[in-house]
file run-v2.txt (compact mmCIF, C-alpha atoms and all ligand atoms)
# COMPACT_ATOMS: atom_id res chain seq x y z
CA GLY W 1 -6.69 -23.81 -6.28
CA ARG W 2 -7.29 -22.08 -3.00
CA GLY W 3 -6.73 -25.29 -0.98
CA GLU W 4 -7.80 -25.03 2.64
CA PHE W 5 -8.62 -21.33 2.31
CA SER W 6 -12.24 -20.23 1.95
CA HIS W 7 -11.27 -17.49 -0.51
CA TYR W 8 -8.42 -16.74 -2.87
CA MET W 9 -8.08 -13.40 -1.13
CA LEU W 10 -7.41 -15.13 2.20
CA LYS W 11 -4.85 -17.43 0.59
CA GLU W 12 -3.17 -14.50 -1.12
CA MET W 13 -2.97 -12.52 2.11
CA TYR W 14 -1.32 -15.51 3.79
CA GLU W 15 1.22 -15.74 0.96
CA GLN W 16 2.61 -12.30 1.71
CA PRO W 17 5.21 -13.28 4.35
CA ASP W 18 6.61 -15.88 1.90
CA ILE W 19 6.94 -13.28 -0.84
CA VAL W 20 8.95 -11.06 1.48
CA LEU W 21 10.98 -14.07 2.61
CA LYS W 22 11.81 -15.12 -0.95
CA GLU W 23 12.26 -11.74 -2.59
CA GLY W 24 13.14 -9.41 0.29
CA THR W 25 16.89 -9.92 0.26
CA GLN W 26 17.33 -10.95 -3.40
CA THR W 27 19.13 -8.27 -5.38
CA LEU W 28 17.11 -6.60 -8.07
CA ASP W 29 18.66 -5.69 -11.42
CA ILE W 30 17.80 -2.23 -12.63
CA PRO W 31 18.72 -0.57 -15.93
CA LYS W 32 21.50 2.05 -16.02
CA GLU W 33 18.96 4.63 -17.24
CA LEU W 34 17.16 4.26 -13.93
CA SER W 35 20.38 4.31 -11.88
CA LYS W 36 21.35 7.60 -13.47
CA ALA W 37 17.94 9.27 -13.43
CA LEU W 38 17.51 12.24 -11.13
CA HIS W 39 13.83 12.62 -11.95
CA ILE W 40 11.54 9.61 -11.78
CA THR W 41 7.83 9.53 -12.58
CA LEU W 42 5.73 6.84 -10.93
CA ILE W 43 2.42 5.96 -12.50
CA GLY W 44 -0.45 3.54 -11.88
CA CYS W 45 -4.15 3.10 -11.09
CA GLY W 46 -5.98 2.00 -7.93
CA SER W 47 -3.92 -0.07 -5.53
CA ALA W 48 -0.93 0.05 -7.88
CA PHE W 49 -1.12 3.85 -7.63
CA TYR W 50 -1.04 3.66 -3.82
CA ALA W 51 1.96 1.31 -3.96
CA ALA W 52 3.64 3.80 -6.30
CA TRP W 53 2.85 6.52 -3.77
CA GLY W 54 4.70 4.53 -1.12
CA GLY W 55 7.54 4.19 -3.63
CA LYS W 56 7.69 7.97 -3.92
CA TYR W 57 8.50 8.21 -0.21
CA TYR W 58 11.21 5.55 -0.53
CA LEU W 59 12.83 7.10 -3.60
CA GLU W 60 12.78 10.56 -2.06
CA GLN W 61 13.94 9.61 1.42
CA LEU W 62 16.42 6.87 0.61
CA ALA W 63 17.64 7.72 -2.86
CA ASN W 64 17.26 11.53 -2.96
CA ARG W 65 15.48 11.43 -6.29
CA ILE W 66 12.94 13.94 -7.57
CA VAL W 67 9.74 11.92 -7.83
CA THR W 68 6.50 12.79 -9.57
CA LEU W 69 3.48 10.64 -8.87
CA GLU W 70 0.78 10.40 -11.53
CA LEU W 71 -2.59 8.71 -11.63
CA ALA W 72 -2.59 7.00 -15.01
CA SER W 73 -6.31 7.51 -15.57
CA GLU W 74 -5.82 11.30 -15.44
CA PHE W 75 -2.35 11.69 -16.82
CA HIS W 76 -2.29 11.47 -20.60
CA TYR W 77 -5.56 13.35 -21.07
CA ARG W 78 -3.89 16.45 -19.63
CA ASN W 79 -1.28 16.58 -22.36
CA PRO W 80 1.32 17.32 -19.68
CA VAL W 81 4.69 18.88 -20.42
CA VAL W 82 7.28 16.15 -20.07
CA GLN W 83 11.08 16.39 -19.95
CA ASP W 84 13.47 13.51 -20.31
CA GLY W 85 13.67 11.12 -17.39
CA VAL W 86 12.50 7.71 -16.37
CA THR W 87 8.94 6.51 -15.84
CA ILE W 88 8.10 3.49 -13.72
CA ALA W 89 4.61 2.15 -14.44
CA VAL W 90 3.21 -0.08 -11.70
CA SER W 91 0.58 -2.65 -12.69
CA GLN W 92 -0.34 -6.08 -11.39
CA SER W 93 -2.05 -7.26 -14.57
CA GLY W 94 0.11 -5.36 -17.02
CA GLU W 95 -3.10 -4.80 -18.98
CA THR W 96 -4.55 -1.60 -17.50
CA ALA W 97 -5.45 0.54 -20.51
CA ASP W 98 -4.82 3.90 -18.85
CA THR W 99 -1.41 2.83 -17.59
CA LEU W 100 -0.47 1.56 -21.04
CA LYS W 101 -1.60 4.87 -22.59
CA ALA W 102 0.47 6.81 -20.06
CA ILE W 103 3.57 4.75 -20.92
CA GLN W 104 3.05 5.33 -24.63
CA TYR W 105 2.72 9.05 -23.97
CA MET W 106 5.95 9.07 -21.97
CA GLU W 107 7.82 7.18 -24.68
CA GLN W 108 6.59 9.59 -27.33
CA HIS W 109 8.02 12.37 -25.18
CA GLY W 110 11.44 10.76 -24.91
CA GLN W 111 11.21 9.06 -21.54
CA TYR W 112 12.79 5.72 -20.74
CA THR W 113 10.07 3.42 -19.40
CA VAL W 114 10.16 0.65 -16.83
CA GLY W 115 7.16 -1.62 -16.32
CA MET W 116 6.74 -3.11 -12.86
CA VAL W 117 4.26 -5.91 -13.49
CA ASN W 118 3.18 -9.15 -11.89
CA VAL W 119 1.93 -10.92 -15.02
CA PRO W 120 4.81 -11.66 -17.41
CA HIS W 121 4.36 -11.21 -21.17
CA SER W 122 1.58 -8.68 -20.58
CA SER W 123 0.80 -5.72 -22.83
CA ILE W 124 2.76 -3.38 -20.55
CA SER W 125 5.73 -5.81 -20.54
CA ARG W 126 5.79 -5.66 -24.33
CA GLN W 127 5.50 -1.87 -24.45
CA VAL W 128 8.20 -0.80 -21.99
CA HIS W 129 11.96 -0.55 -22.43
CA TYR W 130 12.63 -2.57 -19.29
CA GLU W 131 10.53 -4.98 -17.24
CA ILE W 132 10.70 -5.62 -13.51
CA LEU W 133 8.63 -8.59 -12.33
CA THR W 134 7.06 -8.31 -8.89
CA LYS W 135 7.00 -12.13 -8.52
CA ALA W 136 3.97 -12.33 -6.24
CA GLY W 137 2.61 -15.31 -8.19
CA PRO W 138 -0.84 -15.31 -9.83
CA GLU W 139 -3.34 -13.11 -8.01
CA ILE W 140 -6.90 -14.41 -8.46
CA GLY W 141 -8.87 -12.32 -5.97
CA VAL W 142 -10.05 -9.15 -7.70
CA ALA W 143 -8.93 -7.03 -4.75
CA SER W 144 -5.17 -6.67 -4.86
CA THR W 145 -3.33 -7.82 -1.73
CA LYS W 146 -0.10 -9.71 -2.28
CA ALA W 147 0.58 -7.82 -5.52
CA PHE W 148 0.47 -4.53 -3.60
CA THR W 149 2.99 -5.84 -1.07
CA ALA W 150 5.25 -7.16 -3.83
CA GLN W 151 5.08 -3.80 -5.63
CA LEU W 152 6.02 -1.94 -2.47
CA LEU W 153 8.89 -4.37 -1.88
CA CYS W 154 10.23 -3.88 -5.42
CA LEU W 155 10.05 -0.11 -5.04
CA LEU W 156 11.91 -0.34 -1.74
CA LYS W 157 14.57 -2.52 -3.37
CA ILE W 158 15.00 -0.09 -6.25
CA SER W 159 15.46 2.69 -3.71
CA MET W 160 18.01 0.58 -1.83
CA ASN W 161 19.88 0.02 -5.09
CA LEU W 162 20.08 3.75 -5.61
CA MET W 163 20.92 4.80 -2.06
CA GLN W 164 24.35 5.93 -0.92
CA ASP W 165 24.15 5.36 2.82
CA SER W 166 25.32 1.77 3.24
CA VAL W 167 24.79 1.72 7.02
CA ARG W 168 21.15 2.60 6.56
CA LYS W 169 20.89 0.08 3.74
CA GLN W 170 22.20 -2.69 5.99
CA LYS W 171 19.66 -1.73 8.61
CA ILE W 172 16.80 -2.08 6.14
CA LEU W 173 18.19 -5.40 4.87
CA LYS W 174 18.34 -6.69 8.42
CA GLY W 175 14.76 -5.54 8.93
CA LEU W 176 13.64 -7.28 5.75
CA LYS W 177 15.00 -10.57 7.10
CA GLN W 178 12.90 -10.17 10.24
CA LEU W 179 9.80 -8.91 8.43
CA PRO W 180 8.23 -12.24 7.29
CA LEU W 181 8.11 -13.48 10.88
CA ASP W 182 6.61 -10.21 12.08
CA MET W 183 3.96 -10.44 9.33
CA GLN W 184 3.17 -14.01 10.44
CA LYS W 185 2.53 -12.73 13.95
CA ILE W 186 -0.36 -10.65 12.63
CA PHE W 187 -2.11 -13.87 11.57
CA PHE W 188 -1.77 -15.23 15.11
CA LYS W 189 -3.88 -12.29 16.29
CA VAL W 190 -6.53 -12.55 13.62
CA SER W 191 -9.34 -13.00 16.18
CA GLN W 192 -8.83 -9.42 17.33
CA LEU W 193 -9.20 -8.25 13.73
CA GLN W 194 -12.41 -10.29 13.44
CA ASP W 195 -13.72 -8.46 16.52
CA ILE W 196 -12.81 -5.10 15.02
CA ALA W 197 -14.57 -6.11 11.80
CA GLN W 198 -17.65 -7.01 13.85
CA HIS W 199 -17.70 -3.44 15.15
CA LEU W 200 -17.21 -1.92 11.71
CA VAL W 201 -19.74 -4.02 9.82
CA HIS W 202 -22.79 -1.96 10.86
CA SER W 203 -21.31 1.44 10.09
CA LYS W 204 -22.37 3.60 7.16
CA GLY W 205 -18.87 4.86 6.50
CA ILE W 206 -15.36 4.38 7.82
CA ILE W 207 -12.55 6.93 7.96
CA PHE W 208 -8.90 5.91 7.59
CA LEU W 209 -6.12 8.24 8.72
CA GLY W 210 -2.35 8.18 8.34
CA ARG W 211 0.67 10.45 7.99
CA GLY W 212 3.82 10.02 5.95
CA MET W 213 3.95 6.61 4.32
CA SER W 214 0.91 5.62 6.37
CA TYR W 215 -1.15 8.05 4.29
CA PRO W 216 -1.13 6.02 1.05
CA VAL W 217 -1.56 2.90 3.21
CA ALA W 218 -4.68 4.49 4.75
CA LEU W 219 -5.98 5.20 1.24
CA GLU W 220 -5.32 1.60 0.27
CA GLY W 221 -7.15 0.41 3.41
CA ALA W 222 -10.12 2.62 2.53
CA LEU W 223 -10.18 1.23 -1.01
CA LYS W 224 -10.04 -2.36 0.28
CA MET W 225 -12.92 -1.66 2.67
CA SER W 226 -15.04 -0.02 -0.04
CA GLU W 227 -14.57 -2.64 -2.72
CA LEU W 228 -14.93 -5.68 -0.47
CA SER W 229 -17.59 -4.69 2.07
CA TYR W 230 -19.35 -1.92 0.08
CA ILE W 231 -19.04 0.28 3.19
CA PRO W 232 -17.59 3.57 1.93
CA GLY W 233 -14.07 3.91 3.22
CA GLN W 234 -12.49 7.34 3.05
CA GLY W 235 -8.81 7.85 3.58
CA PHE W 236 -7.31 11.18 4.64
CA ALA W 237 -3.93 12.50 5.61
CA ALA W 238 -4.27 12.84 9.37
CA GLY W 239 -2.98 16.40 9.14
CA GLU W 240 -5.97 17.30 6.97
CA LEU W 241 -8.48 16.42 9.68
CA LYS W 242 -9.06 20.02 10.76
CA HIS W 243 -9.39 21.14 7.15
CA GLY W 244 -12.74 19.38 6.75
CA PRO W 245 -12.99 15.68 7.55
CA LEU W 246 -13.37 16.35 11.29
CA ALA W 247 -16.96 17.37 10.47
CA LEU W 248 -17.67 13.73 9.56
CA VAL W 249 -16.73 12.50 13.02
CA ASP W 250 -19.58 11.41 15.30
CA ALA W 251 -20.34 8.44 17.57
CA CYS W 252 -21.38 6.28 14.58
CA THR W 253 -18.44 6.84 12.24
CA PRO W 254 -15.50 4.59 13.07
CA VAL W 255 -12.06 6.06 12.51
CA VAL W 256 -9.17 3.71 11.81
CA VAL W 257 -5.89 5.43 12.60
CA LEU W 258 -2.48 4.19 11.51
CA ALA W 259 -0.15 5.33 14.28
CA PRO W 260 3.21 3.60 13.87
CA MET W 261 6.09 4.72 16.07
CA ASP W 262 7.80 6.89 13.46
CA GLN W 263 8.66 10.58 13.17
CA PHE W 264 4.94 11.44 12.91
CA PHE W 265 3.77 9.51 15.97
CA GLU W 266 3.11 12.42 18.31
CA LYS W 267 1.24 14.40 15.68
CA THR W 268 -0.94 11.39 14.94
CA VAL W 269 -1.67 10.92 18.64
CA SER W 270 -2.97 14.48 18.84
CA ASN W 271 -5.31 13.63 15.93
CA ILE W 272 -6.53 10.61 17.89
CA TYR W 273 -7.38 12.93 20.81
CA GLU W 274 -9.23 15.27 18.45
CA VAL W 275 -11.39 12.41 17.20
CA CYS W 276 -12.00 11.03 20.71
CA ALA W 277 -13.06 14.48 21.92
CA ARG W 278 -15.88 14.37 19.29
CA GLU W 279 -17.00 10.95 20.54
CA GLY W 280 -15.48 9.26 17.51
CA LYS W 281 -14.78 5.55 17.83
CA VAL W 282 -11.08 5.14 17.16
CA PHE W 283 -9.42 1.90 16.16
CA VAL W 284 -5.66 2.33 16.33
CA ILE W 285 -3.20 0.21 14.38
CA THR W 286 0.29 0.54 15.77
CA ASP W 287 3.43 -1.37 16.73
CA ASN W 288 4.68 -2.38 20.19
CA ALA W 289 6.57 0.87 20.70
CA GLY W 290 3.52 2.94 19.73
CA ALA W 291 1.15 0.91 21.92
CA GLU W 292 3.30 1.61 24.98
CA GLN W 293 2.80 5.33 24.48
CA LEU W 294 -0.94 4.97 23.90
CA ALA W 295 -1.80 3.42 27.25
CA GLY W 296 -4.68 5.38 28.75
CA VAL W 297 -5.82 7.03 25.51
CA PRO W 298 -9.61 6.54 25.32
CA VAL W 299 -9.81 4.59 22.06
CA GLN W 300 -12.16 1.74 21.14
CA ASP W 301 -9.40 -0.76 20.40
CA ILE W 302 -5.69 -0.96 19.61
CA PHE W 303 -4.24 -3.56 17.30
CA VAL W 304 -0.52 -4.06 17.87
CA TYR W 305 1.95 -5.60 15.42
CA PRO W 306 5.67 -6.19 16.14
CA SER W 307 7.87 -3.11 15.85
CA PRO W 308 10.03 -3.30 12.72
CA THR W 309 13.71 -2.34 12.88
CA THR W 310 13.15 0.74 10.73
CA TRP W 311 10.25 2.99 9.62
CA GLU W 312 10.42 1.86 5.99
CA LEU W 313 8.87 -1.47 6.93
CA HIS W 314 5.74 -0.31 8.77
CA PRO W 315 3.58 -0.28 5.60
CA PHE W 316 4.10 -4.02 5.07
CA LEU W 317 2.64 -4.69 8.51
CA SER W 318 -0.09 -2.06 8.53
CA VAL W 319 -1.42 -2.84 5.05
CA LEU W 320 -1.71 -6.53 5.91
CA THR W 321 -3.70 -5.54 9.01
CA LEU W 322 -6.04 -3.34 6.95
CA GLN W 323 -6.49 -6.06 4.30
CA LEU W 324 -7.56 -8.52 6.99
CA ILE W 325 -9.96 -6.02 8.58
CA ALA W 326 -11.59 -5.38 5.18
CA TYR W 327 -11.74 -9.12 4.50
CA TYR W 328 -13.48 -9.96 7.79
CA THR W 329 -15.86 -7.01 7.50
CA ALA W 330 -16.90 -8.27 4.06
CA LEU W 331 -17.15 -11.81 5.40
CA HIS W 332 -19.46 -10.71 8.24
CA LYS W 333 -21.64 -8.97 5.66
CA GLY W 334 -21.68 -11.99 3.37
CA CYS W 335 -20.19 -10.13 0.41
CA SER W 336 -18.73 -11.76 -2.68
CA ILE W 337 -15.11 -11.48 -1.58
CA ASP W 338 -13.12 -12.81 -4.51
CA GLN W 339 -15.33 -11.06 -7.03
CA PRO W 340 -16.76 -7.83 -5.65
CA ARG W 341 -19.79 -6.55 -7.54
CA ASN W 342 -19.17 -4.46 -10.67
CA LEU W 343 -15.39 -5.01 -10.66
CA ALA W 344 -13.01 -6.88 -12.97
CA LYS W 345 -9.45 -8.01 -12.34
CA ALA W 346 -8.00 -6.21 -15.34
CA VAL W 347 -9.39 -2.90 -16.57
CA THR W 348 -8.65 -2.93 -20.28
CA VAL W 349 -10.89 0.02 -21.15
CA GLU W 350 -10.18 3.67 -20.42
C1 LIG W 401 -7.91 -2.74 -5.94
C2 LIG W 401 -7.45 -3.15 -7.27
C3 LIG W 401 -7.41 -2.13 -8.36
C4 LIG W 401 -6.15 -2.29 -9.20
C5 LIG W 401 -6.17 -1.34 -10.40
C6 LIG W 401 -4.89 -1.42 -11.20
O1 LIG W 401 -7.89 -3.79 -5.06
O2 LIG W 401 -7.11 -4.29 -7.47
O3 LIG W 401 -7.51 -0.84 -7.83
O4 LIG W 401 -5.05 -2.05 -8.37
O5 LIG W 401 -7.26 -1.67 -11.22
O6 LIG W 401 -4.72 -2.68 -11.75
P1 LIG W 401 -3.32 -3.15 -12.27
O7 LIG W 401 -2.40 -3.20 -11.13
O8 LIG W 401 -3.57 -4.51 -12.88
O9 LIG W 401 -2.87 -2.15 -13.29

call {"tool": "encode", "arguments": {"input": "run-v2.txt", "output": "structure tokens", "more": "lines below"}}
Ligand code: F6R
result
Amino acid sequence: GRGEFSHYMLKEMYEQPDIVLKEGTQTLDIPKELSKALHITLIGCGSAFYAAWGGKYYLEQLANRIVTLELASEFHYRNPVVQDGVTIAVSQSGETADTLKAIQYMEQHGQYTVGMVNVPHSSISRQVHYEILTKAGPEIGVASTKAFTAQLLCLLKISMNLMQDSVRKQKILKGLKQLPLDMQKIFFKVSQLQDIAQHLVHSKGIIFLGRGMSYPVALEGALKMSELSYIPGQGFAAGELKHGPLALVDACTPVVVLAPMDQFFEKTVSNIYEVCAREGKVFVITDNAGAEQLAGVPVQDIFVYPSPTTWELHPFLSVLTLQLIAYYTALHKGCSIDQPRNLAKAVTVE
């Protein structure tokens, strides 16, 4: 049951630090086919696709692999040309029809397949050559929260398995030990997120911006907002702002900007100024180090989470923040949080 929590989603968000605590520093077994693969294809739908997208950054940056990202619901219909390699399919339920189809297509074309699933003994588990369990525990809320975090963690651990630089690896491991506590600290500041949600609840649309790994996190935040509160959330790469989305900015369209202190920070800050100059209401999500640099910038509000030891860990903190903002926005609106309208937990039709 959901115990003291008013929704399964709330309970599942609160379980995330424990998942990182339990699984973060456990070694993950991976098949030799994956260890040896130079080219890896990541595939999934919805939130699983965004987690896979984060995994692409990890595998490229940490493990120097060539990574192709594919949306399962588009992939097999294209009849794409496929060479040998390894496919990792990411799916919470293990039942998503499009993801299963994509795996079958890859196997027919000679690829070795790995299923990264949360539900054991699922259809995808039975189809693939090798199964990696995300071990988030049963996820009841239709909107994925803890499964996303567990997927991202598994993808990070795979990348750490494959990486050469042991100094950097130790740094990430050290950060992973600290991460659960830093995630907990976000819950201590939940009243600020409730206030932000109160601002967002009356808007007709909300823009989410991020660069680097914060880009797929922004897309995930936009999806969470849309499915839970029915307020259209649109995520963009912050660098795309001038290529169109800036036209959406006015005094009534809130813009949520992920601005962690990473290699993109200064570029993201200039995007914040661009939005502010058009009277856009900016809500910044950043860490301590970023907040220091943002003093005096004319934004609506800044939510600050603890600075992680290394950039790879920002998404765990920023996605939790965005999940909570979407949750409280939906709560203020009185939406059906655990079962958003028109949606099902497992999409077993194409
Ligand atoms: C969003 C959400 C969906 C799923 C998608 C894939 O909150 O839950 O976008 O992520 O339907 O489902 P799985 O992971 O079961 O393949």

call {"tool": "closest_atom_pairs", "arguments": {"input": "run-v2.txt", "of": "chain W", "to": "ligand LIG 401 (chain W)", "cutoff": "9 Å", "atoms": "only C-alpha atoms and all ligand atoms", "output": "tab-separated table"}}
result
residue	atom	partner	partner_atom	distance
W:Gly44	CA	W:LIG401	O9	6.3
W:Cys45	CA	W:LIG401	C6	4.6
W:Gly46	CA	W:LIG401	O3	3.2
W:Ser47	CA	W:LIG401	O4	3.6
W:Ala48	CA	W:LIG401	O4	4.7
W:Phe49	CA	W:LIG401	O4	7.1
W:Tyr50	CA	W:LIG401	O4	8.3
W:Ala51	CA	W:LIG401	O4	8.9
W:Ala89	CA	W:LIG401	O9	8.7
W:Val90	CA	W:LIG401	O7	6.4
W:Ser91	CA	W:LIG401	O7	3.4
W:Gln92	CA	W:LIG401	O7	3.6
W:Ser93	CA	W:LIG401	O8	3.6
W:Gly94	CA	W:LIG401	O8	5.6
W:Glu95	CA	W:LIG401	O8	6.1
W:Thr96	CA	W:LIG401	O9	4.6
W:Ala97	CA	W:LIG401	O9	8.1
W:Asp98	CA	W:LIG401	O9	8.4
W:Thr99	CA	W:LIG401	O9	6.7
W:Leu100	CA	W:LIG401	O9	8.9
W:Val117	CA	W:LIG401	O7	7.6
W:Asn118	CA	W:LIG401	O7	8.2
W:Val119	CA	W:LIG401	O8	8.7
W:Gly141	CA	W:LIG401	O2	8.4
W:Val142	CA	W:LIG401	O2	5.7
W:Ala143	CA	W:LIG401	O1	3.4
W:Ser144	CA	W:LIG401	O1	4.0
W:Thr145	CA	W:LIG401	O1	6.9
W:Ala147	CA	W:LIG401	O7	7.9
W:Phe148	CA	W:LIG401	O4	7.7
W:Glu220	CA	W:LIG401	O1	8.0
W:Leu223	CA	W:LIG401	C1	6.7
W:Lys224	CA	W:LIG401	O1	5.9
W:Glu227	CA	W:LIG401	O1	7.2
W:Leu228	CA	W:LIG401	O1	8.6
W:Leu343	CA	W:LIG401	C3	8.8
W:Ala344	CA	W:LIG401	O5	8.0
W:Lys345	CA	W:LIG401	O2	6.6
W:Ala346	CA	W:LIG401	O8	5.3
W:Val347	CA	W:LIG401	O5	5.9

call {"tool": "closest_residue", "arguments": {"input": "run-v2.txt", "among": "W:Gln178, W:Ser203, W:Thr25, W:Ser226", "to": "W:Pro306", "atoms": "all atoms listed in the file"}}
result
W:Gln178

call {"tool": "closest_residue", "arguments": {"input": "run-v2.txt", "among": "W:Met9, W:Ile88, W:Ile132, W:Leu209", "to": "W:Ile30", "atoms": "only C-alpha atoms"}}
result
W:Ile132

call {"tool": "axis_aligned_box", "arguments": {"input": "run-v2.txt", "around": "stretch 279-292 of chain W", "padding_each_side": "4 Å", "output": "lines of an AutoDock Vina configuration file"}}
result
center_x = -5.2
center_y = 4.3
center_z = 19.7
size_x = 31.6
size_y = 21.3
size_z = 18.6

call {"tool": "closest_residue", "arguments": {"input": "run-v2.txt", "among": "W:Val114, W:Val256, W:Val82, W:Leu21", "to": "W:Leu153", "atoms": "only C-alpha atoms"}}
result
W:Leu21

call {"tool": "closest_residue", "arguments": {"input": "run-v2.txt", "among": "W:Lys242, W:Met261, W:Ser270, W:Arg65", "to": "W:Gly290", "atoms": "only C-alpha atoms"}}
result
W:Met261

call {"tool": "closest_residue", "arguments": {"input": "run-v2.txt", "among": "W:Glu350, W:Asp165, W:Asp195, W:Glu12", "to": "W:Phe303", "atoms": "all atoms listed in the file"}}
result
W:Asp195

call {"tool": "residues_around", "arguments": {"input": "run-v2.txt", "residues": "W:Ala222", "least_positions_apart": "5", "cutoff": "8 Å", "atoms": "all atoms listed in the file", "output": "number ranges by chain"}}
result
W: 206-208, 232-235

call {"tool": "decode", "arguments": {"input": "run-v2.txt", "residues": "stretch 94-100 of chain W", "atoms": "all heavy atoms", "output": "PDB file, in the first residue's frame"}}
result
ATOM      1  N   GLY W  94       8.517  -3.677 -19.169  1.00  0.00           N
ATOM      2  CA  GLY W  94       8.966  -4.811 -19.968  1.00  0.00           C
ATOM      3  C   GLY W  94       7.888  -5.312 -20.918  1.00  0.00           C
ATOM      4  O   GLY W  94       8.025  -6.370 -21.525  1.00  0.00           O
ATOM      5  N   GLU W  95       6.809  -4.534 -21.051  1.00  0.00           N
ATOM      6  CA  GLU W  95       5.676  -4.975 -21.877  1.00  0.00           C
ATOM      7  C   GLU W  95       5.389  -4.036 -23.048  1.00  0.00           C
ATOM      8  O   GLU W  95       4.468  -4.302 -23.818  1.00  0.00           O
ATOM      9  CB  GLU W  95       4.405  -5.099 -21.022  1.00  0.00           C
ATOM     10  CG  GLU W  95       4.496  -6.095 -19.872  1.00  0.00           C
ATOM     11  CD  GLU W  95       4.730  -7.535 -20.330  1.00  0.00           C
ATOM     12  OE1 GLU W  95       4.431  -7.857 -21.508  1.00  0.00           O
ATOM     13  OE2 GLU W  95       5.235  -8.331 -19.507  1.00  0.00           O
ATOM     14  N   THR W  96       6.107  -2.954 -23.169  1.00  0.00           N
ATOM     15  CA  THR W  96       5.815  -1.968 -24.213  1.00  0.00           C
ATOM     16  C   THR W  96       5.976  -2.589 -25.609  1.00  0.00           C
ATOM     17  O   THR W  96       7.065  -3.052 -25.979  1.00  0.00           O
ATOM     18  CB  THR W  96       6.723  -0.734 -24.047  1.00  0.00           C
ATOM     19  OG1 THR W  96       6.482  -0.192 -22.749  1.00  0.00           O
ATOM     20  CG2 THR W  96       6.441   0.327 -25.096  1.00  0.00           C
ATOM     21  N   ALA W  97       4.862  -2.602 -26.346  1.00  0.00           N
ATOM     22  CA  ALA W  97       4.826  -3.327 -27.616  1.00  0.00           C
ATOM     23  C   ALA W  97       5.866  -2.805 -28.607  1.00  0.00           C
ATOM     24  O   ALA W  97       6.550  -3.598 -29.269  1.00  0.00           O
ATOM     25  CB  ALA W  97       3.427  -3.243 -28.212  1.00  0.00           C
ATOM     26  N   ASP W  98       5.985  -1.503 -28.713  1.00  0.00           N
ATOM     27  CA  ASP W  98       6.932  -0.933 -29.679  1.00  0.00           C
ATOM     28  C   ASP W  98       8.379  -1.290 -29.329  1.00  0.00           C
ATOM     29  O   ASP W  98       9.197  -1.540 -30.217  1.00  0.00           O
ATOM     30  CB  ASP W  98       6.779   0.590 -29.735  1.00  0.00           C
ATOM     31  CG  ASP W  98       5.602   1.014 -30.605  1.00  0.00           C
ATOM     32  OD1 ASP W  98       5.471   0.466 -31.715  1.00  0.00           O
ATOM     33  OD2 ASP W  98       4.832   1.878 -30.160  1.00  0.00           O
ATOM     34  N   THR W  99       8.671  -1.297 -28.047  1.00  0.00           N
ATOM     35  CA  THR W  99      10.035  -1.624 -27.609  1.00  0.00           C
ATOM     36  C   THR W  99      10.339  -3.090 -27.908  1.00  0.00           C
ATOM     37  O   THR W  99      11.424  -3.431 -28.383  1.00  0.00           O
ATOM     38  CB  THR W  99      10.195  -1.288 -26.107  1.00  0.00           C
ATOM     39  OG1 THR W  99       9.732   0.055 -25.894  1.00  0.00           O
ATOM     40  CG2 THR W  99      11.631  -1.404 -25.646  1.00  0.00           C
ATOM     41  N   LEU W 100       9.349  -3.934 -27.658  1.00  0.00           N
ATOM     42  CA  LEU W 100       9.496  -5.363 -27.955  1.00  0.00           C
ATOM     43  C   LEU W 100       9.721  -5.582 -29.457  1.00  0.00           C
ATOM     44  O   LEU W 100      10.600  -6.346 -29.866  1.00  0.00           O
ATOM     45  CB  LEU W 100       8.236  -6.101 -27.474  1.00  0.00           C
ATOM     46  CG  LEU W 100       8.259  -7.625 -27.484  1.00  0.00           C
ATOM     47  CD1 LEU W 100       9.366  -8.174 -26.589  1.00  0.00           C
ATOM     48  CD2 LEU W 100       6.906  -8.175 -27.022  1.00  0.00           C
TER      49      LEU W 100
END
